[in-house]
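Shown below: start_12.cif, with mmCIF, C-alpha atoms and all ligand atoms.
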```cif
data_query
loop_
_atom_site.label_atom_id
_atom_site.label_comp_id
_atom_site.auth_asym_id
_atom_site.auth_seq_id
_atom_site.Cartn_x
_atom_site.Cartn_y
_atom_site.Cartn_z
CA MET A 1 -46.37 12.34 -34.02
CA THR A 2 -45.54 15.80 -32.81
CA GLN A 3 -48.13 18.54 -32.75
CA ILE A 4 -48.09 22.25 -31.99
CA ALA A 5 -50.44 23.23 -29.19
CA TYR A 6 -51.25 26.61 -27.67
CA LEU A 7 -51.84 26.74 -23.94
CA GLY A 8 -53.42 29.58 -22.00
CA LEU A 9 -51.92 30.16 -18.55
CA GLY A 10 -53.47 32.26 -15.81
CA SER A 11 -52.80 33.01 -12.16
CA ASN A 12 -54.54 35.28 -9.67
CA LEU A 13 -53.14 34.12 -6.34
CA GLY A 14 -49.75 34.67 -4.68
CA ASN A 15 -46.78 35.58 -6.86
CA ARG A 16 -48.67 35.38 -10.14
CA ILE A 17 -45.74 35.92 -12.49
CA ARG A 18 -43.71 33.32 -10.65
CA HIS A 19 -46.57 30.82 -10.91
CA LEU A 20 -46.73 31.32 -14.67
CA ASN A 21 -42.98 30.88 -14.98
CA VAL A 22 -43.05 27.74 -12.84
CA GLY A 23 -45.84 26.41 -15.07
CA ILE A 24 -43.80 27.10 -18.20
CA ARG A 25 -40.74 25.35 -16.73
CA LEU A 26 -42.81 22.31 -15.74
CA LEU A 27 -44.37 22.16 -19.22
CA GLU A 28 -40.82 22.04 -20.62
CA LYS A 29 -40.01 19.12 -18.35
CA GLN A 30 -43.23 17.17 -18.67
CA ALA A 31 -45.08 18.09 -21.86
CA GLY A 32 -42.62 18.97 -24.63
CA ASP A 33 -40.69 21.94 -25.99
CA VAL A 34 -41.97 25.41 -25.20
CA LEU A 35 -41.12 27.23 -28.42
CA ARG A 36 -42.46 30.69 -27.59
CA VAL A 37 -44.19 32.54 -24.77
CA SER A 38 -46.37 35.60 -25.36
CA PRO A 39 -46.04 38.82 -23.41
CA PHE A 40 -47.82 38.80 -20.07
CA TYR A 41 -51.15 40.60 -19.61
CA GLU A 42 -53.23 41.53 -16.60
CA SER A 43 -56.99 41.01 -16.61
CA GLU A 44 -60.05 41.16 -14.40
CA PRO A 45 -61.51 37.84 -13.22
CA TRP A 46 -63.82 36.55 -15.95
CA GLY A 47 -67.23 35.12 -15.16
CA TYR A 48 -67.06 35.72 -11.42
CA GLN A 49 -66.32 38.39 -8.81
CA SER A 50 -62.96 38.55 -7.07
CA PRO A 51 -60.63 41.36 -5.99
CA ASN A 52 -57.65 39.40 -7.35
CA ARG A 53 -56.67 40.26 -10.93
CA TYR A 54 -55.15 37.67 -13.22
CA VAL A 55 -51.84 37.57 -15.01
CA ASN A 56 -52.27 35.74 -18.33
CA ALA A 57 -50.01 34.47 -21.09
CA VAL A 58 -50.05 31.94 -23.91
CA CYS A 59 -47.31 29.48 -24.73
CA GLU A 60 -46.56 27.59 -27.92
CA LEU A 61 -45.73 23.96 -27.20
CA ARG A 62 -44.34 21.25 -29.44
CA THR A 63 -45.58 18.02 -27.92
CA GLU A 64 -45.82 14.31 -28.56
CA LEU A 65 -48.62 13.93 -26.02
CA GLN A 66 -52.09 13.13 -27.32
CA PRO A 67 -54.73 15.71 -26.32
CA LEU A 68 -56.11 13.88 -23.27
CA ARG A 69 -52.59 13.04 -22.04
CA LEU A 70 -51.71 16.71 -22.46
CA LEU A 71 -54.79 17.67 -20.42
CA ASP A 72 -53.72 15.25 -17.64
CA CYS A 73 -50.26 16.75 -17.72
CA CYS A 74 -51.65 20.31 -17.44
CA LYS A 75 -53.84 19.30 -14.49
CA ASN A 76 -50.82 17.72 -12.76
CA ILE A 77 -48.77 20.87 -13.26
CA GLU A 78 -51.62 22.98 -11.83
CA ARG A 79 -51.51 20.82 -8.71
CA GLN A 80 -47.72 21.04 -8.50
CA ALA A 81 -48.11 24.82 -8.54
CA GLY A 82 -50.36 24.55 -5.48
CA ARG A 83 -53.82 24.48 -7.03
CA LYS A 84 -56.37 22.74 -4.83
CA ASN A 85 -59.28 20.74 -6.21
CA LYS A 86 -62.33 22.81 -6.98
CA THR A 87 -64.72 23.36 -4.10
CA SER A 88 -67.63 24.48 -6.29
CA ASP A 89 -68.89 24.38 -9.85
CA HIS A 90 -68.02 28.04 -10.30
CA TYR A 91 -64.84 29.81 -11.34
CA GLU A 92 -62.45 30.23 -8.41
CA ASP A 93 -59.22 32.05 -7.61
CA ARG A 94 -56.20 29.85 -8.38
CA PRO A 95 -52.39 29.99 -8.37
CA LEU A 96 -52.28 28.39 -11.82
CA ASP A 97 -54.78 27.50 -14.53
CA ILE A 98 -53.67 25.91 -17.79
CA ASP A 99 -56.17 25.58 -20.63
CA ILE A 100 -55.56 23.91 -23.96
CA LEU A 101 -56.60 26.53 -26.50
CA LEU A 102 -55.57 24.85 -29.75
CA TYR A 103 -54.07 21.52 -30.74
CA GLY A 104 -52.89 21.83 -34.32
CA ASN A 105 -55.94 22.12 -36.53
CA ASP A 106 -57.87 19.56 -34.51
CA ALA A 107 -61.46 19.98 -33.38
CA ILE A 108 -62.24 17.73 -30.42
CA ASP A 109 -65.39 17.45 -28.36
CA CYS A 110 -65.45 14.83 -25.63
CA PRO A 111 -66.69 15.04 -22.04
CA ARG A 112 -63.34 16.06 -20.54
CA LEU A 113 -61.96 18.10 -23.38
CA THR A 114 -63.16 20.57 -26.00
CA ILE A 115 -60.70 22.02 -28.53
CA PRO A 116 -60.59 24.78 -29.67
CA HIS A 117 -61.26 25.91 -26.12
CA PRO A 118 -65.00 26.70 -26.04
CA ARG A 119 -64.59 30.23 -24.72
CA LEU A 120 -61.50 31.14 -26.75
CA ALA A 121 -63.39 33.51 -29.07
CA ILE A 122 -64.99 35.53 -26.27
CA ARG A 123 -62.03 36.03 -23.95
CA ALA A 124 -59.84 39.05 -24.53
CA PHE A 125 -57.24 37.74 -22.08
CA VAL A 126 -56.77 34.75 -24.41
CA LEU A 127 -57.06 36.52 -27.77
CA PHE A 128 -54.53 39.28 -27.01
CA PRO A 129 -51.60 37.01 -26.10
CA LEU A 130 -52.60 34.39 -28.71
CA SER A 131 -52.64 37.01 -31.45
CA ASP A 132 -49.16 38.12 -30.38
CA LEU A 133 -47.99 34.64 -31.43
CA ILE A 134 -50.26 33.54 -34.32
CA PRO A 135 -52.39 36.46 -35.58
CA ASP A 136 -53.10 34.86 -38.96
CA PHE A 137 -53.98 31.36 -37.78
CA ILE A 138 -57.53 30.38 -38.76
CA VAL A 139 -59.23 28.98 -35.67
CA PRO A 140 -60.94 25.66 -36.46
CA LEU A 141 -64.75 25.87 -36.62
CA THR A 142 -64.76 29.70 -36.74
CA ARG A 143 -63.29 30.45 -40.22
CA LYS A 144 -61.73 33.50 -38.62
CA SER A 145 -58.16 34.39 -37.79
CA VAL A 146 -57.04 34.99 -34.23
CA ALA A 147 -56.49 38.69 -35.06
CA GLN A 148 -60.02 38.97 -36.49
CA LEU A 149 -61.49 37.46 -33.34
CA ARG A 150 -59.36 39.81 -31.23
CA ASP A 151 -60.52 42.84 -33.22
CA GLU A 152 -64.15 41.79 -32.90
CA ILE A 153 -63.85 41.54 -29.14
CA THR A 154 -62.00 44.86 -28.98
CA ASP A 155 -65.24 46.46 -30.17
CA SER A 156 -67.09 44.94 -27.22
CA SER A 157 -66.92 46.02 -23.59
CA ASP A 158 -64.55 43.18 -22.66
CA SER A 159 -61.31 44.46 -24.08
CA ASP A 160 -60.62 47.34 -21.70
CA ARG A 161 -60.31 44.81 -18.93
CA VAL A 162 -57.03 43.47 -20.33
CA ARG A 163 -53.79 45.40 -20.33
CA PRO A 164 -50.19 44.44 -21.11
CA LEU A 165 -47.87 44.17 -18.14
CA PRO A 166 -44.61 46.12 -18.40
CA PRO A 167 -41.95 44.18 -20.36
CA LEU A 168 -39.89 43.59 -17.21
CA SER A 169 -42.64 41.27 -16.00
CA SER A 170 -42.37 38.93 -18.94
CA SER A 171 -41.07 35.41 -18.57
CA SER A 172 -37.54 36.01 -19.79
CA HIS A 173 -36.78 38.42 -16.94
CA SER A 174 -38.22 36.84 -13.85
CA LEU A 175 -37.45 33.13 -13.81
P1 LIG A 201 -61.78 26.55 -15.53
O1 LIG A 201 -62.97 26.50 -16.46
O2 LIG A 201 -61.92 27.57 -14.45
O3 LIG A 201 -60.48 26.64 -16.27
P2 LIG A 201 -60.82 23.99 -14.65
O4 LIG A 201 -59.44 24.42 -15.01
O5 LIG A 201 -61.02 23.32 -13.33
O6 LIG A 201 -61.84 25.20 -14.73
O7 LIG A 201 -61.34 23.06 -15.81
C1 LIG A 201 -62.53 22.38 -15.70
C2 LIG A 201 -62.54 21.23 -16.70
O8 LIG A 201 -62.63 21.74 -18.03
C3 LIG A 201 -61.30 20.37 -16.74
O9 LIG A 201 -61.29 19.39 -15.75
C4 LIG A 201 -61.33 19.78 -18.15
O10 LIG A 201 -61.80 18.44 -18.13
C5 LIG A 201 -62.35 20.64 -18.87
N1 LIG A 201 -61.90 21.13 -20.18
C6 LIG A 201 -62.64 21.03 -21.32
N2 LIG A 201 -61.98 21.54 -22.37
C7 LIG A 201 -60.77 21.99 -21.90
C8 LIG A 201 -59.65 22.60 -22.53
N3 LIG A 201 -59.63 22.87 -23.84
N4 LIG A 201 -58.58 22.91 -21.74
C9 LIG A 201 -58.61 22.64 -20.41
N5 LIG A 201 -59.65 22.06 -19.75
C10 LIG A 201 -60.73 21.72 -20.50
MG MG A 202 -58.77 25.49 -16.69
#
```

Written as structure tokens, how would this file's structure read?
Amino acid sequence: MTQIAYLGLGSNLGNRIRHLNVGIRLLEKQAGDVLRVSPFYESEPWGYQSPNRYVNAVCELRTELQPLRLLDCCKNIERQAGRKNKTSDHYEDRPLDIDILLYGNDAIDCPRLTIPHPRLAIRAFVLFPLSDLIPDFIVPLTRKSVAQLRDEITDSSDSDRVRPLPPLSSSSHSL
């Protein structure tokens, strides 16, 4: 059965836009059909200190992979983009991070995978690009739309740390 999933991509090392575009191309080859890609945003590292800002985007994927197979696929693509295994339990700089934000209307909680992504509702760098694609989608377990969650976080101190990149940086121009 096919499902629509939303994946959050981030990069804060090397040619960040290129890493995101490579990730999107590899998702096309290995995970399903990438139907849409949000505009690209730039954000401060979240949850840890680093001088390297992130470029973030969200892609809409039509996939036949079950959630855990999709997670394996995302991890493989991160490695293909040059990501090394974690050296600590903390957040670290990386050329490519791919998180599964949503998988249809599913709510999943197992040791390796939680969907909706557990920090989706508190991350401006996720909510801005996600609301560009599906503002009215009601996020499972929250009873709130993506746009509502985005507006709530805009009132908090987090939102000024995310800004759109100029359109020329978006995926369609820099493959
Ligand atoms: P980060 O939290 O910095 O993104 P990783 O990308 O290394 O760290 O992910 C750590 C682990 O989080 C993964 O190995 C995966 O098992 C787990 N995880 C749980 N839920 C999700 C999700 N929705 N999407 C991606 N990874 C998830
Ligand atoms: Mg991750």

**OP:** Kindly work out which residues sit at most 7 Å from ligand LIG 201 (chain A), using only C-alpha atoms and all ligand atoms, and give the list as a PyMOL selection string.
**Re:** chain A and resi 71+86+91-92+97-101+112-118

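One distance worth recording is that between CA of Arg62 in chain A and CA of Asn12 in chain A, which is 26.3 Å.
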
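Taking only C-alpha atoms into account, Arg53 in chain A lies nearest to A:Asn15 out of the set A:Gln66, A:Gln30, A:Ser88, A:Asn15.
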
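Distance check against Ile77 in chain A using only C-alpha atoms: of A:Leu120, A:Leu26, A:Leu102, A:Cys110, the minimum falls on A:Leu26.
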
**OP:** Using only C-alpha atoms, determine which residues lie at most 10 Å from range 147-156 of chain A, disregarding the query and same-chain residues fewer than 6 positions distant; provide the list as a count of residues only.
**Re:** 19

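Closest approach to ligand MG 202 (chain A) from the set A:Gly14, A:Gly104, A:Pro39, A:Pro95 is made by A:Pro95, with distances taken over all atoms listed in the file.
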
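You will find CA of Pro166 in chain A at 8.2 Å from CA of Phe40 in chain A.
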
Subject >> Between CA of Leu13 in chain A and CA of Val162 in chain A, distance in Å (one decimal) >> reply: 17.3 Å

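Of the listed residues A:Ile108, A:Glu78, A:Lys84, A:Arg16, the one whose atoms come nearest to ligand MG 202 (chain A) is A:Glu78, with distances taken using all atoms listed in the file.
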
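For the set A:Ile4, A:Leu141, A:Ala107, A:Leu68, the residue with the smallest atom-to-atom gap to Asp33 in chain A is A:Ile4, counting only C-alpha atoms.
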
Original post:
Around (-54.4, 41.8, -9.8) in the file's own coordinates, what residues are found within 12 Å if you use all atoms listed in the file, given back as a ChimeraX atom specification?
Top reply: /A:10-17,41-45,50-56,93,161-163,165

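Candidate residues A:Ala31, A:Leu133, A:Val146, A:Leu20 were compared for distance to Glu64 in chain A, and the nearest is A:Ala31, using only C-alpha atoms.
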
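Within the 7 Å cut-off around Val58 in chain A, using only C-alpha atoms and omitting residues fewer than 6 positions from it on the same chain, the listed residues are Tyr6, Leu7, Gly8, Leu9, Val37, Ser38, Pro129 and Leu130 of chain A.
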